[in-house]
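Pasted below: coords.txt, compact mmCIF, C-alpha atoms.
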# COMPACT_ATOMS: atom_id res chain seq x y z
CA MET L 1 8.12 -19.62 41.52
CA LYS L 2 9.74 -23.02 41.19
CA LEU L 3 10.79 -24.73 44.39
CA THR L 4 14.35 -26.09 44.56
CA ASP L 5 15.00 -29.84 44.87
CA GLU L 6 16.02 -29.36 48.50
CA MET L 7 12.73 -27.60 49.25
CA LYS L 8 10.70 -30.24 47.48
CA GLU L 9 12.38 -32.98 49.46
CA ALA L 10 11.83 -31.25 52.79
CA LEU L 11 8.16 -30.71 52.02
CA SER L 12 7.36 -34.08 50.49
CA ILE L 13 8.20 -36.78 52.97
CA ILE L 14 5.71 -37.56 55.69
CA GLY L 15 7.21 -38.32 59.10
CA GLY L 16 10.94 -39.11 59.43
CA GLY L 17 12.76 -36.86 56.95
CA GLY L 18 9.92 -34.53 56.05
CA ALA L 19 8.72 -31.47 57.88
CA VAL L 20 5.94 -30.35 60.17
CA VAL L 21 5.04 -26.84 59.05
CA HIS L 22 3.21 -23.89 60.57
CA LEU L 23 0.50 -22.49 58.30
CA THR L 24 -0.34 -18.85 59.07
CA THR L 25 -3.47 -17.23 57.68
CA CYS L 26 -5.31 -14.00 58.50
CA SER L 27 -8.89 -12.87 58.68
CA ALA L 28 -10.03 -10.11 56.35
CA ASP L 29 -9.40 -7.54 59.06
CA GLY L 30 -5.91 -8.73 59.86
CA LYS L 31 -6.16 -11.19 62.77
CA PRO L 32 -3.44 -13.82 62.30
CA ASN L 33 -3.92 -17.55 62.95
CA THR L 34 -1.15 -20.18 63.12
CA VAL L 35 -1.52 -23.98 63.07
CA ALA L 36 0.90 -26.90 62.77
CA GLU L 37 0.42 -29.25 59.80
CA ARG L 38 1.97 -32.64 59.11
CA PHE L 39 0.46 -33.82 55.83
CA VAL L 40 2.48 -31.63 53.48
CA GLY L 41 3.36 -32.21 49.85
CA VAL L 42 4.47 -30.47 46.66
CA PHE L 43 2.47 -30.27 43.42
CA LYS L 44 4.04 -29.45 40.05
CA ASP L 45 7.12 -27.76 41.54
CA GLU L 46 5.26 -24.57 42.35
CA TYR L 47 2.52 -25.39 44.82
CA ILE L 48 2.57 -26.62 48.39
CA VAL L 49 -0.37 -28.81 49.40
CA ILE L 50 -1.60 -29.58 52.92
CA ALA L 51 -4.43 -31.90 53.94
CA ASP L 52 -7.46 -30.10 55.35
CA MET L 53 -8.75 -32.30 58.15
CA PHE L 54 -9.49 -30.19 61.21
CA ALA L 55 -9.04 -26.64 59.93
CA GLN L 56 -11.66 -24.28 61.32
CA LYS L 57 -10.44 -20.74 61.77
CA THR L 58 -7.96 -21.39 58.95
CA ARG L 59 -10.88 -22.25 56.65
CA VAL L 60 -12.79 -19.10 57.52
CA ASN L 61 -9.65 -17.04 57.00
CA LEU L 62 -8.78 -18.55 53.63
CA PHE L 63 -12.29 -18.06 52.30
CA GLU L 64 -12.23 -14.36 53.14
CA ASN L 65 -8.51 -13.65 52.66
CA PRO L 66 -6.82 -16.18 50.38
CA ILE L 67 -3.19 -15.77 51.35
CA GLY L 68 -0.95 -17.74 53.68
CA VAL L 69 2.58 -18.24 54.96
CA ILE L 70 4.12 -21.68 55.47
CA THR L 71 7.18 -21.96 57.74
CA ILE L 72 9.17 -25.13 58.42
CA ALA L 73 8.71 -25.95 62.12
CA HIS L 74 10.33 -29.33 62.80
CA PRO L 75 12.87 -30.65 62.11
CA VAL L 76 14.43 -27.46 60.82
CA LYS L 77 17.92 -28.79 59.90
CA GLY L 78 18.95 -25.43 58.55
CA ARG L 79 15.88 -25.19 56.31
CA THR L 80 14.78 -21.81 57.64
CA TRP L 81 12.29 -21.11 54.86
CA ALA L 82 9.05 -19.14 54.86
CA PHE L 83 6.87 -19.54 51.76
CA ARG L 84 4.15 -17.04 50.97
CA GLY L 85 1.52 -16.88 48.26
CA PRO L 86 -2.17 -17.10 47.34
CA THR L 87 -3.74 -19.98 49.26
CA THR L 88 -7.15 -21.65 49.16
CA ILE L 89 -8.89 -24.92 50.00
CA LEU L 90 -9.84 -27.28 47.17
CA GLN L 91 -12.71 -29.56 48.12
CA GLU L 92 -14.71 -32.43 46.67
CA GLY L 93 -17.74 -31.02 44.93
CA LEU L 94 -15.96 -28.28 43.01
CA PRO L 95 -16.40 -28.45 39.23
CA PRO L 96 -13.59 -30.75 38.01
CA ASP L 97 -12.05 -28.03 35.87
CA TYR L 98 -11.98 -25.49 38.72
CA GLU L 99 -8.61 -23.81 38.66
CA PHE L 100 -6.76 -21.92 41.36
CA HIS L 101 -3.81 -19.94 40.00
CA GLY L 102 -3.11 -22.67 37.47
CA ALA L 103 -3.76 -25.70 39.67
CA VAL L 104 -6.72 -27.82 38.53
CA ALA L 105 -8.89 -29.02 41.43
CA LYS L 106 -9.49 -32.51 40.08
CA GLU L 107 -5.79 -33.29 39.68
CA VAL L 108 -4.96 -32.17 43.20
CA LEU L 109 -7.87 -34.00 44.81
CA ASP L 110 -7.25 -37.21 42.88
CA GLU L 111 -3.70 -37.31 44.24
CA TRP L 112 -4.23 -36.08 47.78
CA GLY L 113 -7.96 -36.30 48.49
CA ASN L 114 -7.47 -39.16 50.90
CA TRP L 115 -4.09 -38.56 52.40
CA ALA L 116 -4.39 -40.63 55.57
CA GLU L 117 -4.86 -43.69 53.41
CA LYS L 118 -1.96 -42.71 51.18
CA GLU L 119 0.46 -42.17 54.06
CA PRO L 120 -0.85 -43.38 57.42
CA PRO L 121 0.79 -41.69 60.41
CA SER L 122 2.56 -44.81 61.63
CA GLU L 123 5.45 -43.07 63.31
CA VAL L 124 3.41 -40.81 65.61
CA PRO L 125 4.04 -41.63 69.29
CA PRO L 126 1.01 -43.24 71.01
CA ASP L 127 0.24 -40.39 73.41
CA ILE L 128 -0.36 -37.92 70.59
CA LYS L 129 -1.76 -40.29 68.01
CA PRO L 130 -4.68 -38.62 66.22
CA PRO L 131 -8.13 -40.22 65.94
CA ARG L 132 -9.51 -41.52 62.62
CA LEU L 133 -8.37 -38.93 60.12
CA VAL L 134 -11.23 -37.65 58.02
CA GLN L 135 -10.22 -35.30 55.24
CA ARG L 136 -12.37 -32.56 53.80
CA GLY L 137 -10.13 -31.12 51.13
CA VAL L 138 -6.66 -29.96 50.25
CA ILE L 139 -5.18 -26.59 51.18
CA ILE L 140 -3.08 -25.38 48.26
CA MET L 141 -0.63 -22.49 48.09
CA LYS L 142 0.93 -21.14 44.92
CA VAL L 143 4.39 -20.16 46.11
CA GLU L 144 5.10 -16.60 44.98
CA GLU L 145 7.99 -15.85 47.27
CA CYS L 146 10.29 -17.57 49.71
CA TYR L 147 12.25 -15.71 52.38
CA SER L 148 14.58 -16.81 55.11
CA TYR L 149 13.38 -16.70 58.72
CA LYS L 150 16.89 -17.22 60.10
CA PRO L 151 17.05 -14.48 62.74
CA GLU L 152 20.22 -12.75 61.51
CA GLU L 153 18.95 -12.50 57.94
CA ALA L 154 15.18 -12.52 58.51
CA GLY L 155 13.34 -11.41 55.40
CA LYS L 156 16.16 -12.14 52.96
CA LYS L 157 14.65 -13.32 49.69
CA ILE L 158 15.55 -16.84 48.63
CA LEU L 159 13.20 -17.26 45.68
CA MET X 1 -8.00 -13.56 81.43
CA ALA X 2 -5.53 -15.94 79.88
CA LYS X 3 -3.16 -17.71 82.25
CA LEU X 4 -0.41 -19.88 80.82
CA THR X 5 0.14 -23.26 82.47
CA PRO X 6 3.63 -24.48 83.42
CA ARG X 7 3.57 -26.83 80.41
CA MET X 8 2.85 -23.93 78.03
CA ARG X 9 5.59 -21.85 79.62
CA ASN X 10 8.17 -24.64 79.38
CA TRP X 11 7.53 -25.27 75.70
CA LEU X 12 7.57 -21.55 74.80
CA GLU X 13 10.68 -20.78 76.83
CA GLY X 14 12.51 -23.86 75.62
CA LEU X 15 11.85 -23.78 71.89
CA GLY X 16 10.32 -20.41 71.12
CA ALA X 17 7.59 -19.81 68.57
CA HIS X 18 6.61 -18.94 65.03
CA ILE X 19 5.09 -15.49 65.35
CA GLY X 20 2.45 -14.53 62.78
CA THR X 21 1.86 -10.82 62.19
CA ALA X 22 -0.14 -9.01 59.53
CA THR X 23 -0.86 -5.66 57.95
CA LYS X 24 -4.24 -4.10 58.70
CA LYS X 25 -5.54 -5.58 55.47
CA GLY X 26 -4.41 -9.09 56.33
CA PHE X 27 -1.11 -9.61 54.48
CA PRO X 28 0.83 -11.99 56.73
CA THR X 29 4.52 -12.08 57.69
CA VAL X 30 5.98 -14.73 59.98
CA ILE X 31 9.16 -14.55 62.04
CA VAL X 32 10.69 -17.38 64.05
CA VAL X 33 12.41 -16.94 67.41
CA ASP X 34 13.81 -20.02 69.12
CA SER X 35 13.39 -19.04 72.77
CA ALA X 36 11.20 -16.79 74.90
CA LYS X 37 10.66 -15.56 78.44
CA VAL X 38 7.26 -15.86 80.07
CA VAL X 39 6.59 -13.22 82.71
CA GLY X 40 3.58 -13.11 85.01
CA ASP X 41 0.42 -14.93 83.92
CA ASN X 42 0.36 -14.12 80.24
CA ILE X 43 3.23 -11.96 79.00
CA VAL X 44 5.66 -13.57 76.56
CA LYS X 45 8.83 -11.74 75.60
CA PHE X 46 10.97 -12.48 72.53
CA GLN X 47 14.39 -11.08 71.70
CA LEU X 48 14.51 -10.10 68.05
CA THR X 49 17.42 -9.39 65.75
CA ASP X 50 17.53 -6.09 63.86
CA ALA X 51 16.49 -7.88 60.67
CA GLN X 52 13.38 -9.31 62.36
CA VAL X 53 12.41 -5.95 63.88
CA GLU X 54 12.70 -4.45 60.42
CA GLN X 55 10.42 -7.15 59.00
CA ILE X 56 7.54 -6.69 61.43
CA LYS X 57 7.86 -3.17 62.80
CA GLN X 58 5.34 -1.67 60.37
CA ASN X 59 2.87 -4.53 60.94
CA ILE X 60 2.95 -4.30 64.72
CA GLU X 61 2.51 -0.54 64.59
CA GLU X 62 -0.60 -0.62 62.42
CA ASN X 63 -1.96 -3.97 63.67
CA PRO X 64 -0.70 -5.26 67.02
CA ARG X 65 -2.47 -8.63 66.82
CA VAL X 66 -0.19 -11.69 66.65
CA ALA X 67 -0.56 -15.47 66.70
CA LEU X 68 2.07 -17.77 68.22
CA GLY X 69 2.66 -21.41 67.27
CA PRO X 70 5.26 -23.24 69.42
CA GLY X 71 8.48 -23.87 67.49
CA GLY X 72 10.59 -26.96 66.87
CA LEU X 73 9.31 -30.14 68.47
CA GLY X 74 6.67 -28.02 70.20
CA SER X 75 4.83 -27.70 66.90
CA ILE X 76 3.85 -31.36 67.37
CA ARG X 77 3.80 -31.88 71.13
CA ALA X 78 2.71 -28.46 72.42
CA ALA X 79 -0.48 -28.33 70.38
CA TYR X 80 -1.49 -24.82 71.42
CA GLN X 81 -2.04 -21.54 69.65
CA PHE X 82 -1.65 -18.30 71.55
CA LYS X 83 -3.20 -15.08 70.30
CA GLY X 84 -2.72 -11.64 71.70
CA SER X 85 -1.47 -8.15 71.12
CA ALA X 86 2.15 -7.19 70.80
CA ARG X 87 4.36 -4.16 71.09
CA LEU X 88 8.02 -3.59 70.33
CA GLU X 89 10.37 -2.10 72.88
CA GLY X 90 13.65 -1.78 71.07
CA ASN X 91 14.52 -5.35 70.07
CA THR X 92 12.13 -6.97 72.55
CA LEU X 93 8.73 -8.10 71.30
CA ILE X 94 6.28 -8.17 74.22
CA VAL X 95 3.16 -10.24 73.61
CA GLU X 96 0.18 -10.07 75.93
CA VAL X 97 -1.68 -13.34 75.43
CA ASN X 98 -5.49 -12.99 75.46
CA GLU X 99 -6.62 -16.23 73.82
CA ILE X 100 -5.31 -19.79 74.05
CA TYR X 101 -6.53 -22.53 71.72
CA CYS X 102 -5.87 -26.24 71.56
CA THR X 103 -4.70 -27.37 68.12
CA LYS X 104 -4.54 -31.12 68.75
CA PRO X 105 -5.93 -32.91 65.66
CA GLY X 106 -9.35 -34.29 66.46
CA PRO X 107 -12.38 -33.07 68.38
CA GLU X 108 -10.29 -30.64 70.43
CA ALA X 109 -9.07 -28.69 67.41
CA ALA X 110 -10.04 -25.03 67.92
CA LEU X 111 -11.13 -25.64 71.53
CA ARG X 112 -10.65 -22.36 73.36
CA LEU X 113 -8.74 -22.97 76.60
CA ASP X 114 -8.37 -19.58 78.23
CA VAL X 115 -12.08 -19.40 79.07
CA LEU X 116 -11.91 -22.62 81.10
CA PRO X 117 -11.08 -22.55 84.82
CA TYR X 118 -7.33 -22.89 85.30
CA GLU X 119 -7.59 -26.25 87.10
CA SER X 120 -9.58 -27.65 84.17
CA ILE X 121 -6.81 -26.66 81.78
CA ILE X 122 -4.20 -28.43 83.93
CA LYS X 123 -6.39 -31.54 84.04
CA PHE X 124 -6.91 -31.30 80.28
CA GLU X 125 -3.14 -31.33 79.78
CA ASN X 126 -2.46 -34.17 82.19
CA THR X 127 -4.94 -36.45 80.48
CA ARG X 128 -3.54 -35.80 77.04
CA TRP X 129 0.22 -35.42 77.27
CA ARG X 130 2.86 -37.13 79.36
CA ASP X 131 5.58 -34.51 79.10
CA THR X 132 5.65 -31.16 80.90
CA GLY X 133 8.10 -29.50 78.57
CA PRO X 134 10.71 -30.08 75.87
CA PRO X 135 13.28 -32.85 76.43
CA LYS X 136 16.38 -31.56 78.22

Whole structure given in structure tokens:
Amino acid sequence: MKLTDEMKEALSIIGGGGAVVHLTTCSADGKPNTVAERFVGVFKDEYIVIADMFAQKTRVNLFENPIGVITIAHPVKGRTWAFRGPTTILQEGLPPDYEFHGAVAKEVLDEWGNWAEKEPPSEVPPDIKPPRLVQRGVIIMKVEECYSYKPEEAGKKIL
Amino acid sequence: MAKLTPRMRNWLEGLGAHIGTATKKGFPTVIVVDSAKVVGDNIVKFQLTDAQVEQIKQNIEENPRVALGPGGLGSIRAAYQFKGSARLEGNTLIVEVNEIYCTKPGPEAALRLDVLPYESIIKFENTRWRDTGPPK
């Protein structure tokens, strides 16, 4: 499922114009978990990547139930999209040719393995500034569907 | 027993939440509502449109567990996650919050708040955030 240019733009810029997203995952027996994420990017037009720094319940969920939903949280600016698809965490230590639904681990980790260095959170206000950001891996979702979460048309398929 | 603090109420009522639901087998669906009403200590009510009810009705019936992440600016400033069980009454989604987690990046990520004494939670908030709710 190829993302549109508008989607790629919304999901690629850190801070200012880009988006904070909510990543929702579930345990194997159906208990949902929702967390906000700021380090978001797009890989090869079809995958959304998120830095894994402090994920705990999300990690456990993805390892037992590899599916997630990503919703744009702020700023929305009319971009009421929910992306859903198979999701996992790619980490250092995987064989370099490890593939997840067509995405090769090495390529993803080379690009985003150290995200805080790539795009330091300079615009975060001082009272919520995070501590030293240590990254363990990259959460990657292959987008298989996109629906609108706009209340009047919730569930309407976009992609 | 979970008890929401005034700061949590203000952010939920002001900007709503992203509500994660799932089938019994764990297939997730998320809806977004941009305001809420907090009643009592831990009941959060959302008004849904017909389209949203249609999207989650089956999920809530077979698996009432939901997770709430504050919407809009709250996704950054109100770094909480609320978990609980939900039921639909017509177009109103009523969530009874049983667990509250802190999702602030750093050592407090995944810290469970509802098991702390209420005064400790208030103190926890005061030492970390300056605001008590969304900007007017």

### Message
Could you tell me which residues of chain L sit within 6 Å of chain X when counting only C-alpha atoms, and give me the result as a PyMOL selection string?
### Response
chain L and resi 26+28-30+32-34+36+73-74+130+149+151+153-154

### Query
Can you tell me, as JSON, numbers by chain, what residues are no more than 12 Å from Pro6 in chain X when counting only C-alpha atoms, ignoring any on the same chain fewer than 3 positions away?
{"X": [3, 9, 10, 11, 12, 13, 14, 38, 39, 40, 41, 42, 78, 118, 119, 121, 122, 125, 126, 131, 132, 133, 134]}

#### Entry: Counting all atoms listed in the file, the residue of L:Val104, L:Cys146, L:Leu3, L:Ile158 that sits nearest Glu46 in chain L
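When distances to Glu46 in chain L are compared using all atoms listed in the file, the smallest one comes from L:Leu3.
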
### Query
So which residues touch Ile13 in chain L within 9 Å, counting only C-alpha atoms, skipping near sequence neighbours fewer than 5 positions away, as a ChimeraX atom specification?
/L:8,18-19,39-41

### Separation of CA of Lys37 in chain X from CA of Glu96 in chain X, in Å and rounded to one decimal
12.1 Å

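Reported to one decimal place, the separation of CA of Arg84 in chain L from CA of Gln135 in chain L is 23.6 Å.
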
### Message
Just the number, please: distance in Å from CA of Leu93 in chain X to CA of Phe46 in chain X, one decimal.
### Response
5.1 Å

### Message
Restricting the calculation to all atoms listed in the file: of X:Arg112, X:Lys57, X:Lys136, X:Arg87, which residue gets closest to Lys45 in chain X?
### Response
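Closest residue, counting all atoms listed in the file: X:Arg87.
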
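Distance check against Val108 in chain L using only C-alpha atoms: of L:Leu62, L:Leu159, L:Ile50, L:Val138, the minimum falls on L:Val138.
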
### Task
Select all residues near (-2.9, -21.2, 38.6) (cut-off 10 Å, inclusive, file coordinates), counting all atoms listed in the file, and output them as JSON, numbers by chain.
{"L": [46, 47, 86, 99, 100, 101, 102, 103, 104, 141, 142]}

### Message
Need to verify the contact set: Glu119 in chain L, 10 Å, only C-alpha atoms, exclusion of same-chain residues closer than 4 positions in sequence. Can you return it as a list in words?
### Response
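Surrounding residues, per the criterion: Ile13, Ile14, Gly15, Phe39, Trp112, Asn114 and Trp115 of chain L.
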